[in-house]
Amino acid sequence: MGVLAHAPSKYVLTELTLRSMIELERVKAGIDFETDVLFQLSDALLGTSDADSSAAPFRFVEPGYFEPYERLVRHADSVRAPAIGIIQAYIKQVSDDLRMVASGDPSPVNTLIPVCVALHQELINEINSEDTFVGNDWSSVGESAPAVVSEA
Amino acid sequence: MSATTGQASAKVLRLSSARRRVRAFLEQIEELEAADFPHEDGREALAKIKEQFLIRRESLSRLPDTVTDDVVDQMCANTSMTLSKFTEVLGFILRSTNVRNAFEVHFPLKRLIQQTIAKDAKLVMSSEWNFVPFTWPMNLPLLEKFVLVGGPAPESSNMLIVPLAGHEIGHSAWRCEEVATSIQPGLTNAINDVINAHPQVRDRILEDVRRSGHDVSWLQHACLAFAIKQLEELFCDMFGLYVFGPAYLYAYEYFLAPGDKARSSLYPSSRDRVGYLLNGAQALGLEVEPDLFDRWIDSANRPGTSGDVTLLADKAVRQSFEVVRDHAFAFLRRANVPMCSAEGIERVASALSRGVPDGEGATLAEIVTAGWRLLRNRGGLSLEDEQPEHLMLHELMLKSVEVSEFRLRVANA
């Protein structure tokens, strides 16, 4: 799929993750829940992680998502620095599990809630590390290096 | 309730705080709705924000009693972040009603965004206590069809910096036009070529990042992230240049001369950026004074891995620039956005120099370019005894915009 075509912003993904957490808690509590948001998060995760690399010389995720997804996989699997294929497979699994719950099978719910919590925290951290006025910074004075580099 | 003290648990109290904060925010919106809005777009932005915060209030009430502490923590963290960001937006919308703003330019700029972004796109302009012009990204789901452009308060009546709004609107166009998608295959190929063509730089970076367990994939993603952001900035520059012509260059020079800022990896270096601007001007056939960017000082790259990655990203950007430039120009041509005409600029300049506004319906870009040309020909008009002439120039430009708007409305009536 053309990942960059319809990839949601980090803000949208954060909102979807938060709302999904609430619905997953409702599934766990055995009360009514909304399925739409779980499907939307499932699609958004695929849209940001499964880049169309057919015309590209390397596999990649949507720019800006490598860091949070990479840390999420490290957090989950204690892998020191997962390869891009492992990151994409992990996100695909989360996406599939969300779809499974939304379709009426609650079995992955207990594993999904902590994953959503960790993902949401990563995204919040990413958003908070960016300037409010991300659209422009004419001066660029004193800007710190993005996390993608400062981590190294 | 706590089993031992009978008091509500920290979790319950924290959720209660989040609910009260959301309620206070909604009450604030209701107060702002009572303000006088010179343009309805500001009021509509408030309504959109209100709608979304009502959904948030509903979300807070959907949490079951069995909710885990971790989820409550995330809910509270998210509420704090969102309130923080949108409190700033509320302030922006409130200040957009201030009479210091040049309301005259709202209509031509709104037409521009409706031509290029969406027919129902909205514009909120404000003067802010920020040194530089800025925009809020359009990808906020709460304000999907809104473009928010802020200018620095001390310059709020300065017509000559209006062209920089073109750059800001360009950011929205970049997203709407999904430019990143279309350049992605070429850009990844350029990144791959550049990494392979500079084995010493590549190996130096990899030696560093391998200590954190990373491999070449990390480098590819870092280059991609930097290059995409740089190309977005260049797309916006080309957008502003196409729409406002030489006035964009003059306004750019006014704010940023003589370059020499600390290097950001998300922007081309100072000298590279003006080089790209001159390239774009040449491609459009614009007449530009050859010494406009003379003695422009370059921004020094950072040392170490960050600088090395930026170096590679810069080279990939260089390979991809013309594709982005042509994409911006083609997009604006398709949207039927006019470039300013030499005749129009000449006519407006002649009127302004005679102390009268243009009465022939010049475009905003032609009016501002003529204003800049006149100002520059008069040596800048910065001396104390030149103040009346400077003020008169601005008044005439504003009046010219009003006349053009009037003619347009009469013609379309």
# chains A, B, ... in the order shown; residues from 1 in each chain; ligands from 1
call {"tool": "select_by_dssp", "arguments": {"residues": "segment 85-229 of chain B", "states": "strand (DSSP E)", "output": "PyMOL selection string"}}
result
chain B and resi 122-128+134-136+146-152
call {"tool": "residues_around", "arguments": {"residues": "Leu224 of chain B", "least_positions_apart": "4", "cutoff": "7 Å", "atoms": "only C-alpha atoms", "output": "list of chain:residue names"}}
result
A:Pro63, B:Gln220, B:Ile228
call {"tool": "write_last_selection", "arguments": {"atoms": "C-alpha atoms", "output": "PDB file, in the first residue's frame"}}
result
ATOM      1  CA  PRO A  63       8.977   9.091   8.317  1.00  0.00           C
TER       2      PRO A  63
ATOM      3  CA  GLN B 220      18.178   5.374   5.894  1.00  0.00           C
ATOM      4  CA  ILE B 228      11.378  14.968   3.680  1.00  0.00           C
TER       5      ILE B 228
END
call {"tool": "residues_around", "arguments": {"residues": "segment 47-49 of chain B", "least_positions_apart": "6", "cutoff": "9 Å", "atoms": "only C-alpha atoms", "output": "ChimeraX atom specification"}}
result
/B:26,29,33,86,90,142-143
call {"tool": "write_last_selection", "arguments": {"atoms": "C-alpha atoms", "output": "compact mmCIF listing (two decimals), in the first residue's frame"}}
result
# COMPACT_ATOMS: atom_id res chain seq x y z
CA LEU B 26 -15.41 24.09 27.31
CA ILE B 29 -14.82 28.36 24.58
CA GLU B 33 -17.88 32.57 21.35
CA PHE B 86 -5.43 23.85 22.34
CA LEU B 90 -7.82 29.37 21.72
CA LEU B 142 -9.76 19.15 15.33
CA LEU B 143 -9.20 21.76 12.63
call {"tool": "atom_distance", "arguments": {"atom1": "atom CA of Glu177 of chain B", "atom2": "atom CA of Cys223 of chain B"}}
result
22.4 Å
call {"tool": "select_by_dssp", "arguments": {"residues": "segment 6-103 of chain B", "states": "helix (DSSP H, G or I)", "output": "ChimeraX atom specification"}}
result
/B:10-32,40-61,69-95,103
call {"tool": "residues_around", "arguments": {"residues": "Gln121 of chain A", "least_positions_apart": "3", "cutoff": "10 Å", "atoms": "only C-alpha atoms", "output": "list of chain:residue names"}}
result
A:Thr14, A:Thr17, A:Leu18, A:Pro68, A:Leu72, A:Val115, A:Cys116, A:Val117, A:Ala118, A:Ile124, A:Asn125, A:Glu126, A:Ile127, B:Asp73, B:Gln74, B:Ala77, B:Asn78
call {"tool": "write_last_selection", "arguments": {"atoms": "C-alpha atoms", "output": "tab-separated table (two decimals), in the first residue's frame"}}
result
chain	number	residue	atom	x	y	z
A	14	THR	CA	-2.37	9.13	19.51
A	17	THR	CA	-4.72	4.72	20.51
A	18	LEU	CA	-6.24	6.44	23.52
A	68	PRO	CA	8.37	5.19	18.36
A	72	LEU	CA	7.82	-0.13	21.20
A	115	VAL	CA	0.80	-2.53	24.02
A	116	CYS	CA	-1.58	0.39	23.50
A	117	VAL	CA	-0.43	1.98	26.75
A	118	ALA	CA	3.22	1.75	25.65
A	124	ILE	CA	2.94	11.45	23.57
A	125	ASN	CA	6.68	11.68	24.09
A	126	GLU	CA	7.21	12.26	20.37
A	127	ILE	CA	4.57	14.98	20.16
B	73	ASP	CA	-2.36	7.65	33.55
B	74	GLN	CA	-2.40	7.76	29.74
B	77	ALA	CA	-1.39	12.61	30.18
B	78	ASN	CA	-3.26	12.91	26.89
call {"tool": "residues_around", "arguments": {"residues": "Pro258 of chain B", "least_positions_apart": "6", "cutoff": "12 Å", "atoms": "only C-alpha atoms", "output": "list in words"}}
result
Ser139 of chain A; Tyr252, Ser270, Arg271, Val274, Leu292, Phe293, Asp294, Arg295, Trp296, Ile297, Asp298 and Ser299 of chain B
call {"tool": "write_last_selection", "arguments": {"atoms": "C-alpha atoms", "output": "compact mmCIF listing (two decimals), in the first residue's frame"}}
result
# COMPACT_ATOMS: atom_id res chain seq x y z
CA SER A 139 14.84 31.14 12.55
CA TYR B 252 12.42 36.51 3.04
CA SER B 270 21.07 29.24 4.84
CA ARG B 271 23.03 29.50 1.62
CA VAL B 274 18.63 31.07 -0.97
CA LEU B 292 19.78 40.46 -3.39
CA PHE B 293 21.40 37.72 -1.34
CA ASP B 294 24.93 39.05 -1.44
CA ARG B 295 27.12 38.26 1.54
CA TRP B 296 24.57 35.69 2.75
CA ILE B 297 26.29 33.64 5.43
CA ASP B 298 25.91 29.87 5.54
CA SER B 299 24.70 28.04 8.64
call {"tool": "residues_around", "arguments": {"residues": "Ser320 of chain B", "least_positions_apart": "3", "cutoff": "9 Å", "atoms": "only C-alpha atoms", "output": "JSON, numbers by chain"}}
result
{"B": [183, 186, 187, 190, 231, 315, 316, 317, 323, 324, 325]}
call {"tool": "write_last_selection", "arguments": {"atoms": "N, CA and C atoms", "output": "PDB file, in the first residue's frame"}}
result
ATOM      1  N   ILE B 183       6.914  11.938  -4.081  1.00  0.00           N
ATOM      2  CA  ILE B 183       8.375  12.032  -4.226  1.00  0.00           C
ATOM      3  C   ILE B 183       9.106  10.876  -3.549  1.00  0.00           C
ATOM      4  N   GLY B 186      11.518   8.391  -5.652  1.00  0.00           N
ATOM      5  CA  GLY B 186      12.738   9.072  -6.101  1.00  0.00           C
ATOM      6  C   GLY B 186      13.640   9.432  -4.940  1.00  0.00           C
ATOM      7  N   LEU B 187      13.041   9.835  -3.840  1.00  0.00           N
ATOM      8  CA  LEU B 187      13.843  10.261  -2.687  1.00  0.00           C
ATOM      9  C   LEU B 187      14.574   9.079  -2.056  1.00  0.00           C
ATOM     10  N   ALA B 190      17.452   8.335  -4.150  1.00  0.00           N
ATOM     11  CA  ALA B 190      18.513   9.340  -3.972  1.00  0.00           C
ATOM     12  C   ALA B 190      19.276   9.077  -2.676  1.00  0.00           C
ATOM     13  N   LEU B 231      12.592  19.080   2.139  1.00  0.00           N
ATOM     14  CA  LEU B 231      11.887  19.245   0.857  1.00  0.00           C
ATOM     15  C   LEU B 231      10.522  19.900   1.068  1.00  0.00           C
ATOM     16  N   LYS B 315      22.498  16.130   0.464  1.00  0.00           N
ATOM     17  CA  LYS B 315      22.833  15.704  -0.908  1.00  0.00           C
ATOM     18  C   LYS B 315      21.630  15.037  -1.582  1.00  0.00           C
ATOM     19  N   ALA B 316      20.877  14.284  -0.801  1.00  0.00           N
ATOM     20  CA  ALA B 316      19.661  13.667  -1.364  1.00  0.00           C
ATOM     21  C   ALA B 316      18.630  14.742  -1.719  1.00  0.00           C
ATOM     22  N   VAL B 317      18.571  15.778  -0.891  1.00  0.00           N
ATOM     23  CA  VAL B 317      17.649  16.898  -1.164  1.00  0.00           C
ATOM     24  C   VAL B 317      18.048  17.582  -2.467  1.00  0.00           C
ATOM     25  N   VAL B 323      12.447  18.204  -8.736  1.00  0.00           N
ATOM     26  CA  VAL B 323      11.162  17.487  -8.808  1.00  0.00           C
ATOM     27  C   VAL B 323      10.134  18.193  -7.925  1.00  0.00           C
ATOM     28  N   VAL B 324      10.556  18.563  -6.718  1.00  0.00           N
ATOM     29  CA  VAL B 324       9.650  19.246  -5.782  1.00  0.00           C
ATOM     30  C   VAL B 324       9.291  20.632  -6.308  1.00  0.00           C
ATOM     31  N   ARG B 325      10.296  21.344  -6.813  1.00  0.00           N
ATOM     32  CA  ARG B 325      10.048  22.679  -7.382  1.00  0.00           C
ATOM     33  C   ARG B 325       8.995  22.593  -8.483  1.00  0.00           C
TER      34      ARG B 325
END
call {"tool": "residues_around", "arguments": {"residues": "Lys10 of chain A", "least_positions_apart": "4", "cutoff": "12 Å", "atoms": "only C-alpha atoms", "output": "PDB file with N, CA and C atoms, in the first residue's frame"}}
result
ATOM      1  N   THR A  14      -2.320   9.070  18.040  1.00  0.00           N
ATOM      2  CA  THR A  14      -2.374   9.131  19.506  1.00  0.00           C
ATOM      3  C   THR A  14      -3.825   9.094  19.988  1.00  0.00           C
ATOM      4  N   GLU A  15      -4.672   9.871  19.337  1.00  0.00           N
ATOM      5  CA  GLU A  15      -6.088   9.900  19.726  1.00  0.00           C
ATOM      6  C   GLU A  15      -6.731   8.529  19.520  1.00  0.00           C
ATOM      7  N   LEU A  16      -6.421   7.900  18.398  1.00  0.00           N
ATOM      8  CA  LEU A  16      -6.997   6.580  18.126  1.00  0.00           C
ATOM      9  C   LEU A  16      -6.532   5.558  19.153  1.00  0.00           C
ATOM     10  N   THR A  17      -5.260   5.668  19.526  1.00  0.00           N
ATOM     11  CA  THR A  17      -4.718   4.723  20.508  1.00  0.00           C
ATOM     12  C   THR A  17      -5.398   4.909  21.863  1.00  0.00           C
ATOM     13  N   LEU A  41      -7.767   2.156  14.299  1.00  0.00           N
ATOM     14  CA  LEU A  41      -6.383   2.071  14.789  1.00  0.00           C
ATOM     15  C   LEU A  41      -5.630   0.973  14.040  1.00  0.00           C
ATOM     16  N   ALA A  44      -4.651   2.385  10.786  1.00  0.00           N
ATOM     17  CA  ALA A  44      -3.641   3.449  10.936  1.00  0.00           C
ATOM     18  C   ALA A  44      -2.254   2.848  11.211  1.00  0.00           C
ATOM     19  N   LEU A  45      -2.219   1.778  11.995  1.00  0.00           N
ATOM     20  CA  LEU A  45      -0.930   1.145  12.284  1.00  0.00           C
ATOM     21  C   LEU A  45      -0.313   0.555  11.024  1.00  0.00           C
ATOM     22  N   GLY A  47      -1.023   1.548   7.996  1.00  0.00           N
ATOM     23  CA  GLY A  47      -0.739   2.668   7.098  1.00  0.00           C
ATOM     24  C   GLY A  47       0.558   3.381   7.403  1.00  0.00           C
ATOM     25  N   THR A  48       0.981   3.334   8.655  1.00  0.00           N
ATOM     26  CA  THR A  48       2.213   4.034   9.006  1.00  0.00           C
ATOM     27  C   THR A  48       3.432   3.112   9.036  1.00  0.00           C
ATOM     28  N   GLU A  62       6.756   4.926   7.666  1.00  0.00           N
ATOM     29  CA  GLU A  62       6.467   6.344   7.458  1.00  0.00           C
ATOM     30  C   GLU A  62       7.452   7.210   8.243  1.00  0.00           C
ATOM     31  N   PRO A  63       8.039   8.219   7.586  1.00  0.00           N
ATOM     32  CA  PRO A  63       8.977   9.091   8.317  1.00  0.00           C
ATOM     33  C   PRO A  63       8.338   9.646   9.598  1.00  0.00           C
ATOM     34  N   GLY A  64       9.100   9.542  10.675  1.00  0.00           N
ATOM     35  CA  GLY A  64       8.598  10.020  11.963  1.00  0.00           C
ATOM     36  C   GLY A  64       8.083   8.890  12.844  1.00  0.00           C
ATOM     37  N   TYR A  65       7.890   7.713  12.248  1.00  0.00           N
ATOM     38  CA  TYR A  65       7.338   6.596  13.031  1.00  0.00           C
ATOM     39  C   TYR A  65       8.383   5.533  13.369  1.00  0.00           C
ATOM     40  N   PHE A  66       9.555   5.625  12.750  1.00  0.00           N
ATOM     41  CA  PHE A  66      10.573   4.606  13.002  1.00  0.00           C
ATOM     42  C   PHE A  66      10.937   4.557  14.483  1.00  0.00           C
ATOM     43  N   PRO A  68       9.329   5.732  17.382  1.00  0.00           N
ATOM     44  CA  PRO A  68       8.366   5.193  18.364  1.00  0.00           C
ATOM     45  C   PRO A  68       8.090   3.712  18.174  1.00  0.00           C
ATOM     46  N   TYR A  69       8.020   3.251  16.925  1.00  0.00           N
ATOM     47  CA  TYR A  69       7.754   1.828  16.699  1.00  0.00           C
ATOM     48  C   TYR A  69       8.950   0.982  17.122  1.00  0.00           C
ATOM     49  N   LEU A 119       2.455   2.226  23.383  1.00  0.00           N
ATOM     50  CA  LEU A 119       2.436   2.981  22.123  1.00  0.00           C
ATOM     51  C   LEU A 119       1.988   4.422  22.376  1.00  0.00           C
ATOM     52  N   HIS A 120       0.942   4.555  23.165  1.00  0.00           N
ATOM     53  CA  HIS A 120       0.428   5.892  23.458  1.00  0.00           C
ATOM     54  C   HIS A 120       1.487   6.739  24.151  1.00  0.00           C
ATOM     55  N   GLN A 121       2.192   6.137  25.097  1.00  0.00           N
ATOM     56  CA  GLN A 121       3.242   6.883  25.808  1.00  0.00           C
ATOM     57  C   GLN A 121       4.345   7.316  24.845  1.00  0.00           C
ATOM     58  N   GLU A 122       4.728   6.412  23.931  1.00  0.00           N
ATOM     59  CA  GLU A 122       5.760   6.759  22.942  1.00  0.00           C
ATOM     60  C   GLU A 122       5.314   7.930  22.074  1.00  0.00           C
ATOM     61  N   LEU A 123       4.066   7.892  21.659  1.00  0.00           N
ATOM     62  CA  LEU A 123       3.559   8.947  20.771  1.00  0.00           C
ATOM     63  C   LEU A 123       3.446  10.283  21.504  1.00  0.00           C
ATOM     64  N   ILE A 124       3.010  10.216  22.761  1.00  0.00           N
ATOM     65  CA  ILE A 124       2.936  11.448  23.568  1.00  0.00           C
ATOM     66  C   ILE A 124       4.331  12.060  23.694  1.00  0.00           C
ATOM     67  N   ASN A 125       5.302  11.188  23.962  1.00  0.00           N
ATOM     68  CA  ASN A 125       6.681  11.682  24.091  1.00  0.00           C
ATOM     69  C   ASN A 125       7.140  12.350  22.798  1.00  0.00           C
ATOM     70  N   GLU A 126       6.812  11.721  21.675  1.00  0.00           N
ATOM     71  CA  GLU A 126       7.209  12.263  20.368  1.00  0.00           C
ATOM     72  C   GLU A 126       6.577  13.634  20.143  1.00  0.00           C
ATOM     73  N   ILE A 127       5.287  13.729  20.413  1.00  0.00           N
ATOM     74  CA  ILE A 127       4.573  14.983  20.159  1.00  0.00           C
ATOM     75  C   ILE A 127       5.096  16.080  21.087  1.00  0.00           C
ATOM     76  N   ASN A 128       5.318  15.721  22.339  1.00  0.00           N
ATOM     77  CA  ASN A 128       5.793  16.735  23.286  1.00  0.00           C
ATOM     78  C   ASN A 128       7.207  17.205  22.975  1.00  0.00           C
ATOM     79  N   GLU A 130       8.252  17.780  20.024  1.00  0.00           N
ATOM     80  CA  GLU A 130       8.213  18.653  18.857  1.00  0.00           C
ATOM     81  C   GLU A 130       7.707  20.018  19.274  1.00  0.00           C
TER      82      GLU A 130
ATOM     83  N   PRO B 137       0.150  23.241  12.065  1.00  0.00           N
ATOM     84  CA  PRO B 137      -0.019  22.230  11.025  1.00  0.00           C
ATOM     85  C   PRO B 137      -1.482  21.936  10.792  1.00  0.00           C
ATOM     86  N   ASN B 139      -2.738  19.258   9.992  1.00  0.00           N
ATOM     87  CA  ASN B 139      -3.148  17.879  10.235  1.00  0.00           C
ATOM     88  C   ASN B 139      -3.775  17.676  11.609  1.00  0.00           C
ATOM     89  N   LEU B 140      -4.012  18.774  12.353  1.00  0.00           N
ATOM     90  CA  LEU B 140      -4.736  18.602  13.602  1.00  0.00           C
ATOM     91  C   LEU B 140      -6.145  18.154  13.261  1.00  0.00           C
ATOM     92  N   PRO B 141      -6.564  17.019  13.775  1.00  0.00           N
ATOM     93  CA  PRO B 141      -7.883  16.514  13.382  1.00  0.00           C
ATOM     94  C   PRO B 141      -8.997  17.450  13.816  1.00  0.00           C
TER      95      PRO B 141
END
call {"tool": "closest_residue", "arguments": {"among": "A:Ala89, A:Val94, A:Ala55, A:Ala102", "to": "chain B", "atoms": "only C-alpha atoms"}}
result
A:Ala55
call {"tool": "closest_residue", "arguments": {"among": "A:Ala29, A:Val37, A:Leu46, A:Leu24", "to": "Pro8 of chain A", "atoms": "only C-alpha atoms"}}
result
A:Leu46
call {"tool": "decode", "arguments": {"residues": "segment 123-182 of chain B", "atoms": "C-alpha atoms", "output": "mmCIF file, in the first residue's frame"}}
result
data_model
loop_
_atom_site.group_PDB
_atom_site.id
_atom_site.type_symbol
_atom_site.label_atom_id
_atom_site.label_comp_id
_atom_site.auth_asym_id
_atom_site.auth_seq_id
_atom_site.Cartn_x
_atom_site.Cartn_y
_atom_site.Cartn_z
ATOM 1 C CA LEU B 123 -8.379 30.908 7.339
ATOM 2 C CA VAL B 124 -7.623 32.378 10.729
ATOM 3 C CA MET B 125 -4.931 35.056 10.801
ATOM 4 C CA SER B 126 -3.552 36.643 13.904
ATOM 5 C CA SER B 127 -0.691 38.727 15.191
ATOM 6 C CA GLU B 128 1.267 36.930 17.856
ATOM 7 C CA TRP B 129 4.017 37.542 20.344
ATOM 8 C CA ASN B 130 6.338 35.508 18.223
ATOM 9 C CA PHE B 131 9.352 36.873 16.414
ATOM 10 C CA VAL B 132 8.696 34.903 13.261
ATOM 11 C CA PRO B 133 5.671 34.062 11.114
ATOM 12 C CA PHE B 134 4.370 30.580 11.703
ATOM 13 C CA THR B 135 1.548 28.199 10.976
ATOM 14 C CA TRP B 136 -0.094 25.475 12.915
ATOM 15 C CA PRO B 137 -0.019 22.230 11.025
ATOM 16 C CA MET B 138 -3.210 21.495 9.209
ATOM 17 C CA ASN B 139 -3.148 17.879 10.235
ATOM 18 C CA LEU B 140 -4.736 18.602 13.602
ATOM 19 C CA PRO B 141 -7.883 16.514 13.382
ATOM 20 C CA LEU B 142 -9.761 19.148 15.327
ATOM 21 C CA LEU B 143 -9.204 21.762 12.632
ATOM 22 C CA GLU B 144 -8.811 19.704 9.500
ATOM 23 C CA LYS B 145 -9.908 22.369 7.007
ATOM 24 C CA PHE B 146 -8.399 25.362 8.750
ATOM 25 C CA VAL B 147 -5.190 27.205 8.012
ATOM 26 C CA LEU B 148 -3.894 29.210 10.954
ATOM 27 C CA VAL B 149 -1.278 31.797 10.076
ATOM 28 C CA GLY B 150 0.348 33.992 12.678
ATOM 29 C CA GLY B 151 2.567 36.987 12.124
ATOM 30 C CA PRO B 152 4.726 38.795 14.673
ATOM 31 C CA ALA B 153 2.817 41.464 16.610
ATOM 32 C CA PRO B 154 5.300 44.297 15.932
ATOM 33 C CA GLU B 155 4.812 43.650 12.206
ATOM 34 C CA SER B 156 1.039 43.236 12.336
ATOM 35 C CA SER B 157 0.376 46.247 10.114
ATOM 36 C CA ASN B 158 3.289 45.508 7.774
ATOM 37 C CA MET B 159 1.817 44.577 4.395
ATOM 38 C CA LEU B 160 5.276 43.823 3.071
ATOM 39 C CA ILE B 161 5.617 40.585 5.035
ATOM 40 C CA VAL B 162 2.335 39.148 3.776
ATOM 41 C CA PRO B 163 4.187 37.038 1.150
ATOM 42 C CA LEU B 164 5.569 34.893 3.960
ATOM 43 C CA ALA B 165 2.010 33.719 4.567
ATOM 44 C CA GLY B 166 2.418 32.038 1.169
ATOM 45 C CA HIS B 167 5.067 29.776 2.662
ATOM 46 C CA GLU B 168 2.772 28.953 5.577
ATOM 47 C CA ILE B 169 -0.142 28.091 3.316
ATOM 48 C CA GLY B 170 2.313 25.933 1.385
ATOM 49 C CA HIS B 171 2.571 23.615 4.398
ATOM 50 C CA SER B 172 -1.137 22.897 4.143
ATOM 51 C CA ALA B 173 -0.823 22.412 0.391
ATOM 52 C CA TRP B 174 2.033 19.942 0.931
ATOM 53 C CA ARG B 175 -0.271 17.769 3.046
ATOM 54 C CA CYS B 176 -3.378 18.148 0.894
ATOM 55 C CA GLU B 177 -1.453 17.451 -2.284
ATOM 56 C CA GLU B 178 0.289 14.483 -0.608
ATOM 57 C CA VAL B 179 3.565 15.556 -2.113
ATOM 58 C CA ALA B 180 5.537 13.276 0.196
ATOM 59 C CA THR B 181 3.871 10.269 -1.405
ATOM 60 C CA SER B 182 4.728 11.249 -4.916
#
